[in-house]
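Trainee: Here's a structure for you.
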Amino acid sequence: MNDAVLSRLSGILGHDFTNPDLLTEALTHASAAPRGKLRGTGGRAGGRRAGPGAPRGYERLEFLGDRVLGLIIAELLWRRFPDEAEGALTRRHTQLVRREALAEVAKAIDLSSAIIMSAGEHGAGTRDIPGILADVCEAVIAALYLDGGLAAAAGFIHRHWERLIEADTTPPRDPKTALQEWAQARGRKLPLYETVRVDGPPHDRRFTIAVSVEGLPSESAAGPSKRSAEVMAAAALLARIAEGEGT
């Protein structure tokens with residue numbers, strides 16, 4: 001990573017890296033990762049030599065960043081909404097740590113332009129895939145944590161997740177839960193979700209899910225994960241129910 005990119009990212013992230021290699025690792029796609037190098041270099045993680053052929057890409061940092069994000073968002077919500085019950089806080093938390101939220105933050109700070117990958121993946125548009133952006137964003141959070149501690153990671157998360165919290169001051173209601181409650185209130189069987197098809201390459205899957213409730217025509221929707229497709233299908237069926245169709 002050249003000095004200009006490092007300087008730009010340090011400003012956006014609000015942290016000057018003592019060990020820039022951590023940030024480089026967080027931004028490195030497997031297609032461009034060197035092999036046989038140390039992984040987890042520096043920082044609190046220490047370092048160990050990767051096994052034969054193990055890439056030093058963002059995957060391991062992504063694993064850690066997911067946990068760091070979850071903890072910081074949980075504390076942020078606990079302090080921000082002191083009168084809300086656990087269920088409402090859980091729904092907020094789910095919305096804020098999902099891949100779509102991570103991808104939105106990554107786009108807002110133009111993280112895609114800093115991802116290091118092979119020419120082939122770049123030409124295929126991989127750097128703009130929401131799932132890749134979400135993974136890299138989690139890895140960057142881990143790099144901040146390892147290099148600057150929890151305060152560095154929390155500072156970044158508070159700044160860039162604040163607007164997501166402010167966008168909706170009421171706890172989001174999961175469409176799947178709402179549809180289940182609707183069915184149970186009317187003595188009907190629980191909603192049934194079925195995978196209609198799966199499209200796309202392994203790194204960019206698109207799932208089409210159909211949901212049906214006893215006595216109603218089914219609705220279907222597509223998304224980057226089974227969970228997101230199920231949620232969208234449930235929302236579509238709820239919208240039709242709200243319009244008075246099939247009730």
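The way I read the labels, and the way they are meant: chains A, B, ... in the order of the structure tokens, residue 1 as the first residue of every chain, and ligand 1 as the first ligand shown, with later ones counted on from there.
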Name the residues in contact with Ala151 in chain A at a cut-off of 12 Å, using only C-alpha atoms, excluding same-chain residues fewer than 3 positions from it; report them as a ChimeraX atom specification.
Mentor: /A:14-15,68,72,141-142,144-148,154-158
Trainee: Take the residues just selected and output them with N, CA and C atoms as a compact mmCIF listing (two decimals), in the first residue's frame.
Mentor:
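As a result, result-v1.txt now contains:
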```txt
# COMPACT_ATOMS: atom_id res chain seq x y z
N GLY A 14 -9.73 7.52 11.13
CA GLY A 14 -9.46 8.24 12.37
C GLY A 14 -8.38 7.60 13.21
N HIS A 15 -7.40 6.96 12.55
CA HIS A 15 -6.35 6.26 13.30
C HIS A 15 -5.08 6.18 12.46
N VAL A 68 -15.83 -7.94 17.17
CA VAL A 68 -15.58 -6.60 17.71
C VAL A 68 -16.77 -5.68 17.41
N ILE A 72 -19.25 -3.77 20.22
CA ILE A 72 -19.34 -2.31 20.29
C ILE A 72 -20.76 -1.83 20.00
N ILE A 141 -12.12 -3.22 10.71
CA ILE A 141 -12.46 -3.02 12.12
C ILE A 141 -11.52 -3.82 13.01
N ALA A 142 -11.22 -5.06 12.61
CA ALA A 142 -10.28 -5.88 13.37
C ALA A 142 -8.89 -5.27 13.37
N LEU A 144 -8.12 -2.13 13.13
CA LEU A 144 -8.16 -0.99 14.06
C LEU A 144 -8.05 -1.47 15.50
N TYR A 145 -8.76 -2.52 15.83
CA TYR A 145 -8.74 -3.06 17.18
C TYR A 145 -7.35 -3.58 17.56
N LEU A 146 -6.73 -4.32 16.66
CA LEU A 146 -5.43 -4.90 16.95
C LEU A 146 -4.33 -3.85 17.06
N ASP A 147 -4.45 -2.79 16.28
CA ASP A 147 -3.40 -1.77 16.26
C ASP A 147 -3.64 -0.68 17.32
N GLY A 148 -4.88 -0.33 17.56
CA GLY A 148 -5.16 0.78 18.46
C GLY A 148 -6.06 0.46 19.63
N ALA A 154 -13.92 1.42 18.25
CA ALA A 154 -15.18 2.02 18.68
C ALA A 154 -15.36 3.41 18.08
N GLY A 155 -14.28 4.17 17.98
CA GLY A 155 -14.37 5.51 17.40
C GLY A 155 -14.87 5.46 15.97
N PHE A 156 -14.32 4.54 15.19
CA PHE A 156 -14.74 4.38 13.79
C PHE A 156 -16.20 3.94 13.71
N ILE A 157 -16.56 2.95 14.50
CA ILE A 157 -17.91 2.41 14.46
C ILE A 157 -18.93 3.45 14.91
N HIS A 158 -18.65 4.17 15.96
CA HIS A 158 -19.58 5.19 16.44
C HIS A 158 -19.82 6.26 15.38
```
Trainee: Please, which residues of range 74-162 of chain A, numbered as in this document, come out helix (DSSP H, G or I) from DSSP, as a short mmCIF file (atom, residue, chain, number, x, y, z; two decimals) with N, CA and C atoms, in the first residue's frame?
Mentor:
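What follows is the written file part_21.cif:
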```cif
data_model
loop_
_atom_site.label_atom_id
_atom_site.label_comp_id
_atom_site.auth_asym_id
_atom_site.auth_seq_id
_atom_site.Cartn_x
_atom_site.Cartn_y
_atom_site.Cartn_z
N ALA A 74 -23.48 -3.55 20.51
CA ALA A 74 -24.30 -3.95 21.65
C ALA A 74 -24.20 -2.92 22.77
N GLU A 75 -22.97 -2.49 23.09
CA GLU A 75 -22.80 -1.50 24.15
C GLU A 75 -23.40 -0.15 23.74
N LEU A 76 -23.19 0.23 22.48
CA LEU A 76 -23.73 1.50 21.99
C LEU A 76 -25.25 1.54 22.16
N LEU A 77 -25.92 0.46 21.77
CA LEU A 77 -27.38 0.40 21.86
C LEU A 77 -27.84 0.35 23.31
N TRP A 78 -27.11 -0.38 24.14
CA TRP A 78 -27.46 -0.50 25.56
C TRP A 78 -27.44 0.87 26.23
N ARG A 79 -26.46 1.69 25.86
CA ARG A 79 -26.36 3.03 26.44
C ARG A 79 -27.33 4.01 25.79
N ARG A 80 -27.55 3.84 24.50
CA ARG A 80 -28.36 4.80 23.75
C ARG A 80 -29.85 4.66 24.04
N GLU A 86 -34.91 -6.15 25.97
CA GLU A 86 -33.89 -6.94 25.26
C GLU A 86 -34.29 -7.27 23.84
N GLY A 87 -35.57 -7.58 23.63
CA GLY A 87 -36.02 -7.95 22.29
C GLY A 87 -35.85 -6.83 21.29
N ALA A 88 -36.19 -5.61 21.70
CA ALA A 88 -36.05 -4.45 20.81
C ALA A 88 -34.58 -4.17 20.52
N LEU A 89 -33.74 -4.29 21.54
CA LEU A 89 -32.31 -4.07 21.35
C LEU A 89 -31.72 -5.12 20.40
N THR A 90 -32.21 -6.35 20.54
CA THR A 90 -31.72 -7.42 19.66
C THR A 90 -32.08 -7.15 18.21
N ARG A 91 -33.29 -6.65 17.96
CA ARG A 91 -33.70 -6.36 16.60
C ARG A 91 -32.84 -5.23 16.01
N ARG A 92 -32.59 -4.22 16.82
CA ARG A 92 -31.72 -3.13 16.36
C ARG A 92 -30.32 -3.68 16.03
N HIS A 93 -29.80 -4.49 16.94
CA HIS A 93 -28.45 -5.04 16.78
C HIS A 93 -28.34 -5.85 15.49
N THR A 94 -29.33 -6.68 15.24
CA THR A 94 -29.32 -7.51 14.04
C THR A 94 -29.24 -6.66 12.78
N GLN A 95 -29.99 -5.57 12.75
CA GLN A 95 -29.99 -4.69 11.59
C GLN A 95 -28.65 -4.00 11.39
N LEU A 96 -27.99 -3.65 12.48
CA LEU A 96 -26.77 -2.85 12.39
C LEU A 96 -25.52 -3.65 12.11
N VAL A 97 -25.52 -4.96 12.40
CA VAL A 97 -24.33 -5.77 12.14
C VAL A 97 -24.47 -6.65 10.90
N ARG A 99 -24.73 -7.77 6.92
CA ARG A 99 -23.80 -7.49 5.82
C ARG A 99 -24.20 -6.25 5.02
N GLU A 100 -25.50 -6.04 4.90
CA GLU A 100 -25.96 -4.87 4.15
C GLU A 100 -25.51 -3.57 4.81
N ALA A 101 -25.54 -3.52 6.15
CA ALA A 101 -25.09 -2.33 6.86
C ALA A 101 -23.59 -2.12 6.69
N LEU A 102 -22.83 -3.20 6.78
CA LEU A 102 -21.38 -3.13 6.58
C LEU A 102 -21.04 -2.65 5.18
N ALA A 103 -21.73 -3.18 4.18
CA ALA A 103 -21.48 -2.78 2.80
C ALA A 103 -21.82 -1.31 2.59
N GLU A 104 -22.88 -0.85 3.24
CA GLU A 104 -23.27 0.56 3.12
C GLU A 104 -22.19 1.48 3.68
N VAL A 105 -21.62 1.11 4.83
CA VAL A 105 -20.54 1.91 5.41
C VAL A 105 -19.31 1.86 4.51
N ALA A 106 -18.99 0.67 3.98
CA ALA A 106 -17.83 0.53 3.10
C ALA A 106 -17.97 1.42 1.87
N LYS A 107 -19.17 1.48 1.31
CA LYS A 107 -19.40 2.34 0.14
C LYS A 107 -19.27 3.81 0.52
N ALA A 108 -19.77 4.18 1.68
CA ALA A 108 -19.74 5.57 2.11
C ALA A 108 -18.32 6.10 2.27
N LEU A 111 -14.30 2.33 0.41
CA LEU A 111 -13.34 1.29 0.76
C LEU A 111 -12.99 0.42 -0.44
N SER A 112 -13.90 0.32 -1.40
CA SER A 112 -13.67 -0.56 -2.55
C SER A 112 -12.43 -0.16 -3.33
N SER A 113 -12.15 1.14 -3.42
CA SER A 113 -11.02 1.60 -4.22
C SER A 113 -9.68 1.20 -3.61
N ALA A 114 -9.68 0.82 -2.32
CA ALA A 114 -8.44 0.46 -1.64
C ALA A 114 -8.21 -1.05 -1.56
N ALA A 119 -5.71 -8.66 -11.05
CA ALA A 119 -6.29 -7.95 -12.19
C ALA A 119 -7.56 -8.64 -12.68
N GLY A 120 -7.56 -9.96 -12.63
CA GLY A 120 -8.73 -10.71 -13.09
C GLY A 120 -9.96 -10.42 -12.25
N GLU A 121 -9.79 -10.43 -10.91
CA GLU A 121 -10.92 -10.13 -10.02
C GLU A 121 -11.36 -8.68 -10.16
N HIS A 122 -10.39 -7.79 -10.35
CA HIS A 122 -10.73 -6.38 -10.54
C HIS A 122 -11.58 -6.22 -11.81
N GLY A 123 -11.16 -6.87 -12.89
CA GLY A 123 -11.89 -6.79 -14.15
C GLY A 123 -13.28 -7.38 -14.06
N THR A 126 -15.26 -7.61 -8.86
CA THR A 126 -15.35 -8.23 -7.54
C THR A 126 -15.31 -7.20 -6.42
N ARG A 127 -14.54 -6.13 -6.60
CA ARG A 127 -14.36 -5.16 -5.52
C ARG A 127 -15.67 -4.44 -5.16
N ASP A 128 -16.65 -4.48 -6.03
CA ASP A 128 -17.92 -3.78 -5.76
C ASP A 128 -19.03 -4.72 -5.30
N PRO A 130 -21.29 -6.45 -2.80
CA PRO A 130 -21.62 -6.09 -1.42
C PRO A 130 -21.03 -7.04 -0.37
N GLY A 131 -21.03 -8.34 -0.66
CA GLY A 131 -20.48 -9.29 0.30
C GLY A 131 -19.00 -9.09 0.54
N ILE A 132 -18.26 -8.78 -0.53
CA ILE A 132 -16.82 -8.52 -0.40
C ILE A 132 -16.60 -7.24 0.40
N LEU A 133 -17.38 -6.20 0.10
CA LEU A 133 -17.25 -4.94 0.83
C LEU A 133 -17.53 -5.14 2.32
N ALA A 134 -18.54 -5.93 2.64
CA ALA A 134 -18.87 -6.20 4.04
C ALA A 134 -17.73 -6.93 4.74
N ASP A 135 -17.17 -7.93 4.08
CA ASP A 135 -16.08 -8.71 4.67
C ASP A 135 -14.85 -7.83 4.92
N VAL A 136 -14.51 -6.99 3.95
CA VAL A 136 -13.34 -6.12 4.10
C VAL A 136 -13.58 -5.10 5.21
N CYS A 137 -14.78 -4.59 5.32
CA CYS A 137 -15.10 -3.62 6.37
C CYS A 137 -14.91 -4.26 7.75
N GLU A 138 -15.36 -5.49 7.90
CA GLU A 138 -15.14 -6.21 9.17
C GLU A 138 -13.66 -6.39 9.44
N ALA A 139 -12.89 -6.72 8.41
CA ALA A 139 -11.45 -6.91 8.57
C ALA A 139 -10.77 -5.62 8.98
N VAL A 140 -11.20 -4.50 8.42
CA VAL A 140 -10.63 -3.20 8.78
C VAL A 140 -10.92 -2.89 10.25
N ILE A 141 -12.12 -3.22 10.71
CA ILE A 141 -12.46 -3.02 12.12
C ILE A 141 -11.52 -3.82 13.01
N ALA A 142 -11.22 -5.06 12.61
CA ALA A 142 -10.28 -5.88 13.37
C ALA A 142 -8.89 -5.27 13.37
N ALA A 143 -8.46 -4.74 12.23
CA ALA A 143 -7.14 -4.11 12.14
C ALA A 143 -7.05 -2.91 13.08
N LEU A 144 -8.12 -2.13 13.13
CA LEU A 144 -8.16 -0.99 14.06
C LEU A 144 -8.05 -1.47 15.50
N TYR A 145 -8.76 -2.52 15.83
CA TYR A 145 -8.74 -3.06 17.18
C TYR A 145 -7.35 -3.58 17.56
N LEU A 146 -6.73 -4.32 16.66
CA LEU A 146 -5.43 -4.90 16.95
C LEU A 146 -4.33 -3.85 17.06
N ASP A 147 -4.45 -2.79 16.28
CA ASP A 147 -3.40 -1.77 16.26
C ASP A 147 -3.64 -0.68 17.32
N GLY A 148 -4.88 -0.33 17.56
CA GLY A 148 -5.16 0.78 18.46
C GLY A 148 -6.06 0.46 19.63
N GLY A 149 -6.42 -0.80 19.78
CA GLY A 149 -7.28 -1.18 20.90
C GLY A 149 -8.75 -0.93 20.62
N LEU A 150 -9.56 -1.22 21.61
CA LEU A 150 -11.01 -1.11 21.45
C LEU A 150 -11.43 0.33 21.16
N ALA A 151 -10.71 1.31 21.70
CA ALA A 151 -11.08 2.71 21.49
C ALA A 151 -10.99 3.09 20.02
N ALA A 152 -9.97 2.61 19.31
CA ALA A 152 -9.81 2.94 17.90
C ALA A 152 -10.94 2.35 17.08
N ALA A 153 -11.29 1.09 17.36
CA ALA A 153 -12.38 0.44 16.64
C ALA A 153 -13.72 1.10 16.98
N ALA A 154 -13.92 1.42 18.25
CA ALA A 154 -15.18 2.02 18.68
C ALA A 154 -15.36 3.41 18.08
N GLY A 155 -14.28 4.17 17.98
CA GLY A 155 -14.37 5.51 17.40
C GLY A 155 -14.87 5.46 15.97
N PHE A 156 -14.32 4.54 15.19
CA PHE A 156 -14.74 4.38 13.79
C PHE A 156 -16.20 3.94 13.71
N ILE A 157 -16.56 2.95 14.50
CA ILE A 157 -17.91 2.41 14.46
C ILE A 157 -18.93 3.45 14.91
N HIS A 158 -18.65 4.17 15.96
CA HIS A 158 -19.58 5.19 16.44
C HIS A 158 -19.82 6.26 15.38
N ARG A 159 -18.76 6.68 14.70
CA ARG A 159 -18.91 7.73 13.69
C ARG A 159 -19.74 7.28 12.50
N HIS A 160 -19.51 6.06 12.04
CA HIS A 160 -20.13 5.64 10.79
C HIS A 160 -21.41 4.83 10.96
N TRP A 161 -21.70 4.38 12.16
CA TRP A 161 -22.97 3.69 12.40
C TRP A 161 -24.02 4.63 13.02
N GLU A 162 -23.57 5.79 13.46
CA GLU A 162 -24.50 6.74 14.08
C GLU A 162 -25.66 7.09 13.15
#
```
Trainee: Find, counting only C-alpha atoms, the residue in A:Arg98, A:Leu164, A:Asp174, A:Leu69 that gets nearest to Ser225 in chain A.
Mentor: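 The answer is A:Arg98, which sits nearest to Ser225 in chain A.
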Trainee: Return the single residue from A:Leu61, A:Leu179, A:Val5, A:Leu71 that is closest to Asp110 in chain A, with distances computed using only C-alpha atoms.
Mentor: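 With only C-alpha atoms as the atom set, the closest residue is A:Val5.
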Trainee: Name the residues in contact with Pro175 in chain A at a cut-off of 8 Å, using only C-alpha atoms, excluding same-chain residues fewer than 2 positions from it; report them as an mmCIF file with C-alpha atoms, in the first residue's frame.
Mentor:
```cif
data_model
loop_
_atom_site.group_PDB
_atom_site.id
_atom_site.type_symbol
_atom_site.label_atom_id
_atom_site.label_comp_id
_atom_site.auth_asym_id
_atom_site.auth_seq_id
_atom_site.Cartn_x
_atom_site.Cartn_y
_atom_site.Cartn_z
ATOM 1 C CA ARG A 173 -39.566 -5.335 13.227
ATOM 2 C CA THR A 177 -41.410 -12.578 12.986
ATOM 3 C CA ALA A 178 -44.329 -10.359 11.958
ATOM 4 C CA LEU A 179 -45.560 -12.923 9.422
ATOM 5 C CA VAL A 231 -36.912 -11.561 4.968
ATOM 6 C CA MET A 232 -37.752 -9.899 1.644
ATOM 7 C CA ALA A 234 -41.927 -12.325 4.105
ATOM 8 C CA ALA A 235 -42.097 -8.547 3.669
ATOM 9 C CA LEU A 238 -47.045 -8.982 4.508
#
```
Trainee: I'd like to know which of A:Ala221, A:Asp204, A:Val198, A:Gln180 is closest to Ala124 in chain A, using only C-alpha atoms.
Mentor: A:Asp204
Trainee: In Å to one decimal, how far is CA of Thr208 in chain A from CA of Ala229 in chain A?
Mentor: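 Going from CA of Ala229 in chain A over to CA of Thr208 in chain A, I get 6.3 Å.
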Trainee: Would you pick out the contacts of Ser212 in chain A at 8 Å or less, using only C-alpha atoms, so that residues sharing its chain but fewer than 3 positions from it are not included, and give the list as a ChimeraX atom specification?
Mentor: /A:191-193,216-219
Trainee: If you count only C-alpha atoms, which residues fall within 12 Å of Gly187 in chain A, apart from same-chain ones fewer than 4 positions away, as a list in words?
Mentor: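 Residues meeting the cut-off are Gln180, Glu181, Trp182, Ala183, Pro191, Val213, Glu214 and Gly215 of chain A.
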Trainee: Using only C-alpha atoms, find the one residue out of A:Asp66, A:Glu194, A:Asp83, A:Asp3 that sits nearest to Ala233 in chain A.
Mentor: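 Looking at the shortest contact to Ala233 in chain A, the residue is A:Glu194.
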Trainee: Let's see if you can do this: from backbone DSSP, list all strand (DSSP E or B) residues in range 25-190 of chain A, as a ChimeraX atom specification.
Mentor: /A:28,35,38-39,48-49,55,116
